[in-house]
Amino acid sequence: MAESYVRRMGLIWMSVIGAIMVPHPPVLIPEIGRGEEKKVQKTIDCYRKAARFAAQLRPDTIILSTPHSIMYRDYFHISPGSGAQGNFGRYGAGSVRFSVRYDAEFVRALCELADRRHFPAGTLGERDASLDQGTMVPLYFLREELPDVPIVRIGLSGLPLSDHYRLGEMIQQTADALGRRVLYVASGDLSHRMTASGPYGFDPDGPVYDRRVMDVMGSARFGDLLDFSSALLDRAAECGHRSFVMMAGALDGLSVRAEALSHEGTLGVGYGICTYAVTGKDASRHFLDEWEKQQAEALRKERESADLYVRLAAASIRRFVTERKRLTRKEAEEMIRENPNASESQREELLHGKAGAFVSIREEGELRGCIGTTGPTKPCLAEEILENAVSAAVRDPRFPEIRPEELPVLSISVDVLGRPEPIASADSLDVKRYGVIVSKGGRRGLLLPDLEGVDTPAQQIQIALQKAGLDPDETDYSLERFEVVRHH
């Protein structure tokens, strides 16, 4: 039956045979919605249409990525074992129960592939084996059509979007190796800030995100998913973007017939449904390869135009990460004196001036490390930069140490701080011009100016309070402001 459907649709038999993008609001379940689900009836009707589409493909295995499974900042958790259970008890519908089989052979093969590639994915770190809403809502509709297909449940991570795409590619490669017919289910809601009456309120970027992502997903232009900025994703409060990117990786190099079935934001959250039928191979659809070429070219141009301050930081990072050695003062002096583009005032400031400096490292637009000093701690600014560059690369407690293979894709900036001055209130701040230092007792928190996503002095102060380890609602503190010279 599956083969006849494939012939009838003019498709080519592949291991990854199709995919669906679906939301996961529990309100869609009548036992939970209790009438509220009728407000998003179009979503329910199209969910059933997507489930019928999936059933016609007759998959051997369903790969399901969910934002509500166990999530780690630097690791992809793949659910282990032979199966799992779950119910909607937390939503007052404990009678709606699920029991699923896991495709343990697929999980084992995928984990072995990840291990061989030193990719951070596996079955370690299981904290709660029960099924999550991001899994159960899709299964509610799918099990009507596919009642006993084993699944592979995969959580998302805080790693870059490109790594989510790479894991998708490994899913396709594992399916190829095992000869599995795989259906990919990308579970994820869109923006949670679509209306003022919604659960998370309204943000203008909520509808912007939904329009943009539905345009991309409806036309299967998956490469564009990698270009969404973290600031837009945060302001829109989406939850499914990384799930969609992983699905895109699973469809890498494959031509698809895409159909956008529905989009609704009636309840303040965006719900989008799309289906994808694989129709063959397409060498022009290796989106990550093309995106990485574009990024590499942009970084090459950035490095060519980088000034001496950034070149010092980059050289310091490269030396320590690859050799575990520090760039010496003498080597720095040679770099400074021999650089034909450095002005005499820059040489003077670096070799004889003193100031606090922050070194920021980004990877694919995401912060990868940032360490600095609010005032001078070294004999000269050049040494301040050398030391803080190493600290940003290997001592920022928020991130693991930078690995040698990451060096080609890092973007570096250096902020040289002016002298802080006391201010009486936030009225004296300008988020574009001034950074802020919040102090109380022995605690101090600093935030640099002109940061993406920080739009008001109130936001500046709240983040600085958190960095100082103080309550964000604290009112008894002192403020200082400072200017910076930012070097790219």
# chains A, B, ... in the order shown; residues from 1 in each chain; ligands from 1

$ select_by_dssp --residues "range 333-466 of chain A" --states "helix (DSSP H, G or I)" --output "tab-separated table (two decimals) with N, CA and C atoms, in the first residue's frame"
chain	number	residue	atom	x	y	z
A	333	GLU	N	54.21	43.50	21.27
A	333	GLU	CA	54.87	44.73	20.83
A	333	GLU	C	55.28	44.63	19.37
A	334	GLU	N	55.77	43.48	18.95
A	334	GLU	CA	56.15	43.30	17.55
A	334	GLU	C	54.94	43.43	16.63
A	335	MET	N	53.80	42.83	17.04
A	335	MET	CA	52.58	42.93	16.24
A	335	MET	C	52.15	44.40	16.10
A	336	ILE	N	52.25	45.13	17.22
A	336	ILE	CA	51.80	46.52	17.24
A	336	ILE	C	52.69	47.40	16.37
A	337	ARG	N	54.00	47.23	16.51
A	337	ARG	CA	54.94	48.09	15.78
A	337	ARG	C	54.98	47.75	14.30
A	338	GLU	N	54.74	46.49	13.95
A	338	GLU	CA	54.87	46.07	12.55
A	338	GLU	C	53.57	46.23	11.76
A	344	GLU	N	49.73	56.08	15.15
A	344	GLU	CA	50.66	56.31	16.26
A	344	GLU	C	49.91	56.43	17.58
A	345	SER	N	48.72	57.01	17.55
A	345	SER	CA	47.93	57.12	18.79
A	345	SER	C	47.48	55.75	19.29
A	346	GLN	N	47.16	54.83	18.37
A	346	GLN	CA	46.79	53.47	18.78
A	346	GLN	C	47.98	52.75	19.40
A	347	ARG	N	49.14	52.88	18.77
A	347	ARG	CA	50.34	52.25	19.34
A	347	ARG	C	50.61	52.80	20.74
A	348	GLU	N	50.47	54.09	20.88
A	348	GLU	CA	50.73	54.73	22.18
A	348	GLU	C	49.74	54.21	23.23
A	349	GLU	N	48.45	54.12	22.86
A	349	GLU	CA	47.43	53.67	23.81
A	349	GLU	C	47.68	52.21	24.21
A	350	LEU	N	47.99	51.37	23.24
A	350	LEU	CA	48.17	49.94	23.53
A	350	LEU	C	49.42	49.67	24.37
A	351	LEU	N	50.50	50.36	24.07
A	351	LEU	CA	51.77	50.06	24.74
A	351	LEU	C	51.98	50.85	26.03
A	352	HIS	N	51.33	52.02	26.16
A	352	HIS	CA	51.58	52.86	27.33
A	352	HIS	C	50.33	53.28	28.07
A	381	LEU	N	47.48	48.54	28.16
A	381	LEU	CA	46.23	48.08	27.57
A	381	LEU	C	46.44	46.82	26.74
A	382	ALA	N	47.54	46.71	26.03
A	382	ALA	CA	47.78	45.52	25.21
A	382	ALA	C	47.75	44.26	26.07
A	383	GLU	N	48.42	44.29	27.22
A	383	GLU	CA	48.43	43.12	28.10
A	383	GLU	C	47.05	42.87	28.70
A	384	GLU	N	46.28	43.94	28.93
A	384	GLU	CA	44.90	43.79	29.42
A	384	GLU	C	44.08	42.99	28.41
A	385	ILE	N	44.26	43.33	27.15
A	385	ILE	CA	43.52	42.64	26.09
A	385	ILE	C	43.97	41.19	25.96
A	386	LEU	N	45.27	40.95	25.99
A	386	LEU	CA	45.80	39.58	25.88
A	386	LEU	C	45.23	38.69	26.97
A	387	GLU	N	45.23	39.18	28.19
A	387	GLU	CA	44.77	38.38	29.33
A	387	GLU	C	43.26	38.15	29.26
A	388	ASN	N	42.50	39.19	28.97
A	388	ASN	CA	41.05	39.03	28.95
A	388	ASN	C	40.58	38.20	27.77
A	389	ALA	N	41.35	38.18	26.69
A	389	ALA	CA	41.02	37.33	25.55
A	389	ALA	C	41.10	35.86	25.94
A	390	VAL	N	42.16	35.50	26.64
A	390	VAL	CA	42.29	34.12	27.10
A	390	VAL	C	41.16	33.77	28.06
A	391	SER	N	40.86	34.68	28.99
A	391	SER	CA	39.78	34.41	29.95
A	391	SER	C	38.44	34.23	29.25
A	392	ALA	N	38.15	35.06	28.24
A	392	ALA	CA	36.89	34.93	27.51
A	392	ALA	C	36.81	33.59	26.79
A	393	ALA	N	37.94	33.08	26.33
A	393	ALA	CA	37.96	31.83	25.57
A	393	ALA	C	37.82	30.60	26.44
A	394	VAL	N	38.39	30.63	27.63
A	394	VAL	CA	38.46	29.39	28.42
A	394	VAL	C	37.98	29.52	29.86
A	404	PRO	N	39.77	24.03	19.43
A	404	PRO	CA	40.53	24.48	18.24
A	404	PRO	C	39.71	24.52	16.97
A	405	GLU	N	38.80	23.54	16.79
A	405	GLU	CA	38.02	23.50	15.55
A	405	GLU	C	37.03	24.66	15.44
A	406	GLU	N	36.76	25.35	16.55
A	406	GLU	CA	35.85	26.49	16.51
A	406	GLU	C	36.52	27.78	16.04
A	407	LEU	N	37.84	27.84	16.11
A	407	LEU	CA	38.55	29.08	15.83
A	407	LEU	C	38.19	29.73	14.48
A	408	PRO	N	38.02	28.94	13.40
A	408	PRO	CA	37.74	29.58	12.11
A	408	PRO	C	36.39	30.29	12.05
A	409	VAL	N	35.47	29.99	12.97
A	409	VAL	CA	34.12	30.56	12.86
A	409	VAL	C	33.82	31.57	13.96
A	426	ALA	N	18.53	56.15	36.52
A	426	ALA	CA	18.52	55.63	35.16
A	426	ALA	C	18.27	56.72	34.13
A	427	ASP	N	17.79	57.88	34.58
A	427	ASP	CA	17.55	58.98	33.64
A	427	ASP	C	18.82	59.43	32.95
A	428	SER	N	19.97	59.14	33.56
A	428	SER	CA	21.25	59.57	32.99
A	428	SER	C	21.86	58.52	32.07
A	457	PRO	N	17.07	51.59	29.54
A	457	PRO	CA	17.90	51.61	30.75
A	457	PRO	C	17.40	50.64	31.83
A	458	ALA	N	16.08	50.48	31.92
A	458	ALA	CA	15.53	49.55	32.92
A	458	ALA	C	16.02	48.12	32.66
A	459	GLN	N	16.05	47.73	31.38
A	459	GLN	CA	16.59	46.41	31.05
A	459	GLN	C	18.06	46.32	31.40
A	460	GLN	N	18.82	47.37	31.08
A	460	GLN	CA	20.25	47.40	31.40
A	460	GLN	C	20.46	47.14	32.88
A	461	ILE	N	19.75	47.89	33.71
A	461	ILE	CA	19.94	47.81	35.16
A	461	ILE	C	19.52	46.44	35.68
A	462	GLN	N	18.41	45.90	35.17
A	462	GLN	CA	17.95	44.60	35.65
A	462	GLN	C	18.97	43.50	35.35
A	463	ILE	N	19.54	43.54	34.14
A	463	ILE	CA	20.54	42.53	33.78
A	463	ILE	C	21.80	42.71	34.63
A	464	ALA	N	22.22	43.97	34.85
A	464	ALA	CA	23.40	44.23	35.68
A	464	ALA	C	23.17	43.76	37.11
A	465	LEU	N	21.95	43.94	37.63
A	465	LEU	CA	21.64	43.44	38.98
A	465	LEU	C	21.78	41.92	39.04
A	466	GLN	N	21.28	41.24	38.02
A	466	GLN	CA	21.38	39.78	37.99
A	466	GLN	C	22.85	39.35	37.93

$ residues_around --residues "Ser162 in chain A" --least-positions-apart "4" --cutoff "12 Å" --atoms "only C-alpha atoms" --output "PyMOL selection string"
chain A and resi 157-158+166-169+222-228+241-249+287-292+295+363-366+409

$ atom_distance --atom1 "CA of Val107 in chain A" --atom2 "CA of Ser79 in chain A"
8.1 Å
